[in-house]
Amino acid sequence: MDTISSSGCRFVVLISGRGSNMQAIVNAVHEGGLAAQVCAVVSNKVDAAGLAWARDQGIPTVAVPHRDYSSREAFDAALADAIDAWQPHYVLLAGFMRVLTPVFVERYSGRLINIHPSILPAFPGLHTHQQALAGGVQWHGCTVHFVTPVLDHGPILAQGLVPVLAEDTPDDLAARLLQVEHRLYADVVRWLAEGRVALDAMQRVQVRGVDSRAFVLTPRGVASAQEL
């Protein structure tokens with residue numbers, strides 16, 4: 001992979017469904033005037049709704065159906081080949097519902113980023129909204145993080161919070177949180193495109209020029225801690 005040059009930062013986005021976070025990423029690149037490009041959207045499902053949306057925006061799409069492969073390792077090798085054809089600086093998981101092998105994760109070490117719908121390290125894995133309601137927490141959230149071989153673990157780029165209301169269902173909570181997810185990923189993409197992100201000696205994320213990477217849903221919309 002080449003270092004980021006004046007030609008801009010290259011992203012490949014992985015999705016499994018409608019790709020609402022992928023859409024937020026694409027919009028952040030276009031509307032933010034970033035020196036960046038979403039050069040491809042890749043899915044493990046041929047019929048993922050997000051692929052049609054990406055094609056409508058003129059973005060190349062690739063389907064690598066996981067059911068066509070006899071093992072996780074074989075699928076991940078084919079997925080990596082599809083990604084590497086675009087020579088991205090970063091690979092962004094945006095609702096990609098496959099557990100990736102350690103070999104794949106190590107291949108993109110420091111370049112593979114995920115969004116998880118909880119305030120990590122709380123509620124790793126699936127069904128995070130149900131977990132939050134069952135636990136009686138009063139705040140729920142999401143985390144954008146670098147991916148490591150440990151599931152839903154890795155250096156944290158940004159986190160966002162939403163209140164949990166008494167009558168919430170998992171669907172209510174998911175819908176409320178989605179607003180925050182879109183803001184987080186858009187800001188993280190901007191930081192990456194502008195070359196602001198680095199890891200310190202303790203493998204903690206540092207973002208040049210950003211004092212807080214915490215976000216919260218307010219009655220006026222999503223705000224960073226710096227904006228409150």
# chains A, B, ... in the order shown; residues from 1 in each chain; ligands from 1
>>> residues_around(residues="Asn44 in chain A", least_positions_apart="5", cutoff="10 Å", atoms="only C-alpha atoms", output="PyMOL selection string")
chain A and resi 14-17+62-68+75+79+96-98
>>> select_by_dssp(residues="range 29-173 of chain A", states="helix (DSSP H, G or I)", output="JSON, numbers by chain")
{"A": [29, 30, 31, 49, 50, 51, 52, 53, 54, 55, 56, 66, 67, 68, 72, 73, 74, 75, 76, 77, 78, 79, 80, 81, 82, 83, 84, 102, 103, 104, 105, 106, 107, 128, 129, 130, 131, 132, 133, 134, 135, 170, 171, 172, 173]}
>>> residues_around(residues="Met202 in chain A", least_positions_apart="4", cutoff="12 Å", atoms="only C-alpha atoms", output="MDAnalysis selection string")
chainID A and resid 154:155 198 206
>>> residues_around(residues="Gly136 in chain A", least_positions_apart="4", cutoff="12 Å", atoms="only C-alpha atoms", output="JSON, numbers by chain")
{"A": [129, 130, 131, 132, 140, 163, 164, 165, 166, 167, 168]}
>>> residues_around(residues="Val103 in chain A", least_positions_apart="6", cutoff="12 Å", atoms="only C-alpha atoms", output="ChimeraX atom specification")
/A:72-77,80,109,148-150
>>> select_by_dssp(residues="range 18-221 of chain A", states="strand (DSSP E or B)", output="ChimeraX atom specification")
/A:36-43,61-63,90-93,112-116,139-146,156-163,197-199,205-207,214-218,221
>>> write_last_selection(atoms="C-alpha atoms", output="PDB file, in the first residue's frame")
ATOM      1  CA  ALA A  36     -10.373  10.981  -0.509  1.00  0.00           C
ATOM      2  CA  GLN A  37     -12.253   8.398  -2.519  1.00  0.00           C
ATOM      3  CA  VAL A  38     -14.508   5.437  -1.739  1.00  0.00           C
ATOM      4  CA  CYS A  39     -13.016   3.367  -4.519  1.00  0.00           C
ATOM      5  CA  ALA A  40     -15.207   0.275  -4.023  1.00  0.00           C
ATOM      6  CA  VAL A  41     -17.973  -1.208  -1.904  1.00  0.00           C
ATOM      7  CA  VAL A  42     -17.671  -4.953  -1.274  1.00  0.00           C
ATOM      8  CA  SER A  43     -20.288  -7.286   0.189  1.00  0.00           C
ATOM      9  CA  THR A  61     -19.172  -2.760  -6.324  1.00  0.00           C
ATOM     10  CA  VAL A  62     -18.014  -6.323  -5.781  1.00  0.00           C
ATOM     11  CA  ALA A  63     -19.857  -9.298  -4.299  1.00  0.00           C
ATOM     12  CA  TYR A  90      -8.057   1.828   4.781  1.00  0.00           C
ATOM     13  CA  VAL A  91     -10.694  -0.905   4.812  1.00  0.00           C
ATOM     14  CA  LEU A  92     -13.870   0.213   6.599  1.00  0.00           C
ATOM     15  CA  LEU A  93     -16.315  -2.347   7.991  1.00  0.00           C
ATOM     16  CA  LEU A 112      -8.900  -2.165   9.212  1.00  0.00           C
ATOM     17  CA  ILE A 113     -11.641  -0.227  11.022  1.00  0.00           C
ATOM     18  CA  ASN A 114     -15.031  -1.312  12.367  1.00  0.00           C
ATOM     19  CA  ILE A 115     -18.080   0.262  13.975  1.00  0.00           C
ATOM     20  CA  HIS A 116     -19.694  -1.714  16.796  1.00  0.00           C
ATOM     21  CA  TRP A 139     -26.681   4.947  28.409  1.00  0.00           C
ATOM     22  CA  HIS A 140     -25.965   2.921  25.307  1.00  0.00           C
ATOM     23  CA  GLY A 141     -23.690   3.743  22.408  1.00  0.00           C
ATOM     24  CA  CYS A 142     -21.318   2.824  19.632  1.00  0.00           C
ATOM     25  CA  THR A 143     -17.586   2.568  19.061  1.00  0.00           C
ATOM     26  CA  VAL A 144     -15.411   3.040  15.990  1.00  0.00           C
ATOM     27  CA  HIS A 145     -12.186   1.115  16.495  1.00  0.00           C
ATOM     28  CA  PHE A 146      -9.213  -0.447  14.786  1.00  0.00           C
ATOM     29  CA  ILE A 156     -10.718   3.209  19.982  1.00  0.00           C
ATOM     30  CA  LEU A 157     -11.096   6.020  17.457  1.00  0.00           C
ATOM     31  CA  ALA A 158     -14.400   7.465  18.677  1.00  0.00           C
ATOM     32  CA  GLN A 159     -17.393   6.647  20.876  1.00  0.00           C
ATOM     33  CA  GLY A 160     -20.942   7.964  21.011  1.00  0.00           C
ATOM     34  CA  LEU A 161     -23.775   7.861  23.552  1.00  0.00           C
ATOM     35  CA  VAL A 162     -27.563   7.803  23.487  1.00  0.00           C
ATOM     36  CA  PRO A 163     -29.946   7.703  26.473  1.00  0.00           C
ATOM     37  CA  VAL A 197      -4.671   9.607  13.145  1.00  0.00           C
ATOM     38  CA  ALA A 198      -1.761   7.844  14.861  1.00  0.00           C
ATOM     39  CA  LEU A 199      -1.200   5.243  17.576  1.00  0.00           C
ATOM     40  CA  VAL A 205      -5.354   6.430  19.273  1.00  0.00           C
ATOM     41  CA  GLN A 206      -4.234  10.029  19.016  1.00  0.00           C
ATOM     42  CA  VAL A 207      -5.960  12.422  16.608  1.00  0.00           C
ATOM     43  CA  ALA A 214     -16.756  11.547  22.421  1.00  0.00           C
ATOM     44  CA  PHE A 215     -20.187  12.228  20.923  1.00  0.00           C
ATOM     45  CA  VAL A 216     -23.692  12.349  22.362  1.00  0.00           C
ATOM     46  CA  LEU A 217     -27.214  12.547  20.986  1.00  0.00           C
ATOM     47  CA  THR A 218     -28.868  15.785  22.132  1.00  0.00           C
ATOM     48  CA  GLY A 221     -28.844  16.373  17.093  1.00  0.00           C
TER      49      GLY A 221
END
>>> closest_residue(among="A:Val99, A:Gly8, A:Ser118, A:Leu51", to="Gly33 in chain A", atoms="only C-alpha atoms")
A:Gly8
>>> closest_atom_pairs(of="range 15-80 of chain A", to="range 169-190 of chain A", cutoff="12 Å", atoms="only C-alpha atoms", output="CSV")
residue,atom,partner,partner_atom,distance
A:Gly19,CA,A:His182,CA,10.8
A:Ser20,CA,A:His182,CA,7.8
A:Asn21,CA,A:His182,CA,5.7
A:Met22,CA,A:His182,CA,8.7
A:Gln23,CA,A:His182,CA,8.6
A:Ala24,CA,A:His182,CA,5.5
A:Ile25,CA,A:Ala186,CA,5.4
A:Val26,CA,A:Ala186,CA,8.5
A:Asn27,CA,A:Ala186,CA,8.0
A:Ala28,CA,A:Ala186,CA,5.3
A:Val29,CA,A:Arg190,CA,7.5
A:His30,CA,A:Ala186,CA,10.8
A:Glu31,CA,A:Ala186,CA,10.3
A:Gly32,CA,A:Arg190,CA,7.9
A:Gly33,CA,A:Arg190,CA,9.6
A:Leu34,CA,A:Arg190,CA,7.0
A:Ala35,CA,A:Arg190,CA,9.2
A:Ala36,CA,A:Arg190,CA,8.7
A:Gln37,CA,A:Val189,CA,10.4
A:Val38,CA,A:Val189,CA,10.4
>>> write_last_selection(atoms="N, CA, C and O atoms", output="compact mmCIF listing (two decimals), in the first residue's frame")
# COMPACT_ATOMS: atom_id res chain seq x y z
N GLY A 19 -26.37 -0.85 4.26
CA GLY A 19 -25.20 0.01 4.18
C GLY A 19 -25.44 1.45 4.56
O GLY A 19 -24.89 2.35 3.94
N SER A 20 -26.22 1.70 5.62
CA SER A 20 -26.48 3.10 5.98
C SER A 20 -25.21 3.80 6.45
O SER A 20 -25.00 4.98 6.17
N ASN A 21 -24.34 3.08 7.16
CA ASN A 21 -23.07 3.70 7.55
C ASN A 21 -22.16 3.90 6.34
O ASN A 21 -21.42 4.89 6.28
N MET A 22 -22.22 2.99 5.38
CA MET A 22 -21.49 3.19 4.13
C MET A 22 -21.96 4.46 3.45
O MET A 22 -21.15 5.25 2.94
N GLN A 23 -23.27 4.68 3.43
CA GLN A 23 -23.80 5.89 2.81
C GLN A 23 -23.30 7.14 3.53
O GLN A 23 -22.96 8.15 2.90
N ALA A 24 -23.22 7.08 4.87
CA ALA A 24 -22.69 8.21 5.64
C ALA A 24 -21.23 8.47 5.28
O ALA A 24 -20.79 9.63 5.19
N ILE A 25 -20.48 7.40 5.07
CA ILE A 25 -19.07 7.55 4.69
C ILE A 25 -18.95 8.21 3.32
O ILE A 25 -18.17 9.15 3.13
N VAL A 26 -19.71 7.71 2.35
CA VAL A 26 -19.68 8.27 1.01
C VAL A 26 -20.08 9.74 1.03
O VAL A 26 -19.43 10.60 0.41
N ASN A 27 -21.13 10.06 1.77
CA ASN A 27 -21.58 11.45 1.85
C ASN A 27 -20.53 12.33 2.52
O ASN A 27 -20.35 13.50 2.13
N ALA A 28 -19.86 11.80 3.53
CA ALA A 28 -18.82 12.58 4.21
C ALA A 28 -17.69 12.93 3.25
O ALA A 28 -17.17 14.05 3.26
N VAL A 29 -17.31 11.98 2.39
CA VAL A 29 -16.25 12.23 1.41
C VAL A 29 -16.69 13.28 0.40
O VAL A 29 -15.96 14.23 0.10
N HIS A 30 -17.90 13.13 -0.12
CA HIS A 30 -18.37 14.04 -1.18
C HIS A 30 -18.69 15.43 -0.64
O HIS A 30 -18.27 16.44 -1.21
N GLU A 31 -19.44 15.47 0.47
CA GLU A 31 -19.91 16.76 0.98
C GLU A 31 -18.82 17.49 1.75
O GLU A 31 -18.88 18.72 1.87
N GLY A 32 -17.86 16.74 2.28
CA GLY A 32 -16.80 17.37 3.06
C GLY A 32 -15.65 17.88 2.23
O GLY A 32 -14.71 18.49 2.76
N GLY A 33 -15.70 17.64 0.93
CA GLY A 33 -14.62 18.10 0.06
C GLY A 33 -13.28 17.49 0.41
O GLY A 33 -12.23 18.12 0.26
N LEU A 34 -13.30 16.24 0.86
CA LEU A 34 -12.07 15.59 1.30
C LEU A 34 -11.23 15.13 0.13
O LEU A 34 -11.76 14.76 -0.94
N ALA A 35 -9.93 15.13 0.33
CA ALA A 35 -9.02 14.51 -0.63
C ALA A 35 -9.05 13.01 -0.39
O ALA A 35 -8.14 12.43 0.20
N ALA A 36 -10.14 12.39 -0.81
CA ALA A 36 -10.37 10.98 -0.51
C ALA A 36 -11.33 10.41 -1.53
O ALA A 36 -12.02 11.14 -2.25
N GLN A 37 -11.38 9.08 -1.57
CA GLN A 37 -12.25 8.40 -2.52
C GLN A 37 -12.71 7.07 -1.92
O GLN A 37 -11.88 6.32 -1.39
N VAL A 38 -14.02 6.80 -1.99
CA VAL A 38 -14.51 5.44 -1.74
C VAL A 38 -14.37 4.73 -3.07
O VAL A 38 -15.17 4.93 -3.99
>>> atom_distance(atom1="CA of His89 in chain A", atom2="CA of Arg111 in chain A")
6.6 Å
>>> atom_distance(atom1="CA of Ala48 in chain A", atom2="CA of Asp81 in chain A")
19.8 Å
>>> atom_distance(atom1="CA of Gln87 in chain A", atom2="CA of Trp53 in chain A")
22.3 Å
>>> closest_residue(among="A:Ser71, A:Asp200, A:Leu100, A:Glu106", to="Asp152 in chain A", atoms="only C-alpha atoms")
A:Leu100
>>> decode(residues="range 54-89 of chain A", atoms="N, CA and C atoms", output="CSV table (one decimal), in the first residue's frame")
chain,number,residue,atom,x,y,z
A,54,ALA,N,-24.7,2.1,-3.9
A,54,ALA,CA,-23.4,2.5,-4.3
A,54,ALA,C,-23.3,2.6,-5.8
A,55,ARG,N,-23.8,1.6,-6.5
A,55,ARG,CA,-23.8,1.7,-8.0
A,55,ARG,C,-24.5,2.9,-8.5
A,56,ASP,N,-25.6,3.3,-7.9
A,56,ASP,CA,-26.3,4.5,-8.3
A,56,ASP,C,-25.4,5.8,-8.1
A,57,GLN,N,-24.5,5.7,-7.2
A,57,GLN,CA,-23.5,6.8,-7.0
A,57,GLN,C,-22.3,6.8,-7.9
A,58,GLY,N,-22.3,5.7,-8.7
A,58,GLY,CA,-21.1,5.6,-9.6
A,58,GLY,C,-19.9,4.9,-9.0
A,59,ILE,N,-20.1,4.2,-7.8
A,59,ILE,CA,-19.0,3.6,-7.1
A,59,ILE,C,-19.0,2.1,-7.5
A,60,PRO,N,-17.8,1.6,-7.9
A,60,PRO,CA,-17.7,0.2,-8.2
A,60,PRO,C,-18.1,-0.7,-7.1
A,61,THR,N,-18.8,-1.8,-7.4
A,61,THR,CA,-19.2,-2.8,-6.3
A,61,THR,C,-18.7,-4.2,-6.7
A,62,VAL,N,-18.5,-4.9,-5.6
A,62,VAL,CA,-18.0,-6.3,-5.8
A,62,VAL,C,-18.8,-7.2,-4.8
A,63,ALA,N,-19.3,-8.3,-5.2
A,63,ALA,CA,-19.9,-9.3,-4.3
A,63,ALA,C,-18.9,-10.5,-4.2
A,64,VAL,N,-18.6,-10.9,-3.0
A,64,VAL,CA,-17.9,-12.1,-2.7
A,64,VAL,C,-18.7,-13.0,-1.8
A,65,PRO,N,-19.6,-13.8,-2.3
A,65,PRO,CA,-20.6,-14.5,-1.5
A,65,PRO,C,-19.9,-15.6,-0.6
A,66,HIS,N,-20.0,-15.4,0.7
A,66,HIS,CA,-19.3,-16.3,1.6
A,66,HIS,C,-19.8,-17.8,1.5
A,67,ARG,N,-21.0,-18.0,1.0
A,67,ARG,CA,-21.5,-19.4,0.9
A,67,ARG,C,-20.8,-20.1,-0.3
A,68,ASP,N,-20.1,-19.4,-1.1
A,68,ASP,CA,-19.4,-20.0,-2.2
A,68,ASP,C,-18.1,-20.7,-1.8
A,69,TYR,N,-17.7,-20.5,-0.5
A,69,TYR,CA,-16.4,-21.0,-0.1
A,69,TYR,C,-16.6,-22.0,1.1
A,70,SER,N,-15.7,-23.0,1.1
A,70,SER,CA,-15.8,-24.1,2.0
A,70,SER,C,-15.3,-23.8,3.4
A,71,SER,N,-14.6,-22.7,3.6
A,71,SER,CA,-14.1,-22.4,4.9
A,71,SER,C,-14.0,-20.9,5.0
A,72,ARG,N,-13.9,-20.4,6.3
A,72,ARG,CA,-13.6,-19.0,6.5
A,72,ARG,C,-12.3,-18.5,5.9
A,73,GLU,N,-11.3,-19.4,6.0
A,73,GLU,CA,-10.0,-19.0,5.4
A,73,GLU,C,-10.1,-18.8,3.9
A,74,ALA,N,-10.8,-19.7,3.2
A,74,ALA,CA,-10.9,-19.5,1.8
A,74,ALA,C,-11.7,-18.3,1.4
A,75,PHE,N,-12.8,-18.0,2.2
A,75,PHE,CA,-13.6,-16.8,1.9
A,75,PHE,C,-12.7,-15.6,2.2
A,76,ASP,N,-12.0,-15.5,3.3
A,76,ASP,CA,-11.2,-14.4,3.6
A,76,ASP,C,-10.1,-14.1,2.6
A,77,ALA,N,-9.5,-15.2,2.0
A,77,ALA,CA,-8.5,-15.0,1.0
A,77,ALA,C,-9.1,-14.4,-0.3
A,78,ALA,N,-10.3,-14.9,-0.7
A,78,ALA,CA,-11.0,-14.3,-1.8
A,78,ALA,C,-11.4,-12.8,-1.5
A,79,LEU,N,-11.8,-12.5,-0.3
A,79,LEU,CA,-12.2,-11.2,0.1
A,79,LEU,C,-11.0,-10.3,0.0
A,80,ALA,N,-9.9,-10.7,0.5
A,80,ALA,CA,-8.6,-9.9,0.4
A,80,ALA,C,-8.2,-9.6,-1.0
A,81,ASP,N,-8.4,-10.6,-1.9
A,81,ASP,CA,-8.0,-10.4,-3.3
A,81,ASP,C,-8.9,-9.3,-3.9
A,82,ALA,N,-10.2,-9.3,-3.5
A,82,ALA,CA,-11.1,-8.3,-4.1
A,82,ALA,C,-10.7,-6.9,-3.5
A,83,ILE,N,-10.4,-6.9,-2.3
A,83,ILE,CA,-10.0,-5.6,-1.7
A,83,ILE,C,-8.7,-5.0,-2.3
A,84,ASP,N,-7.7,-5.9,-2.4
A,84,ASP,CA,-6.4,-5.5,-2.8
A,84,ASP,C,-6.4,-5.0,-4.2
A,85,ALA,N,-7.3,-5.4,-5.0
A,85,ALA,CA,-7.4,-4.9,-6.4
A,85,ALA,C,-7.6,-3.4,-6.4
A,86,TRP,N,-8.1,-2.8,-5.3
A,86,TRP,CA,-8.3,-1.3,-5.3
A,86,TRP,C,-7.2,-0.6,-4.5
A,87,GLN,N,-6.2,-1.3,-3.9
A,87,GLN,CA,-5.1,-0.7,-3.2
A,87,GLN,C,-5.5,0.4,-2.2
A,88,PRO,N,-6.4,0.0,-1.3
A,88,PRO,CA,-6.9,1.0,-0.4
A,88,PRO,C,-5.9,1.4,0.7
A,89,HIS,N,-6.0,2.6,1.2
A,89,HIS,CA,-5.2,2.9,2.4
A,89,HIS,C,-5.9,2.4,3.7
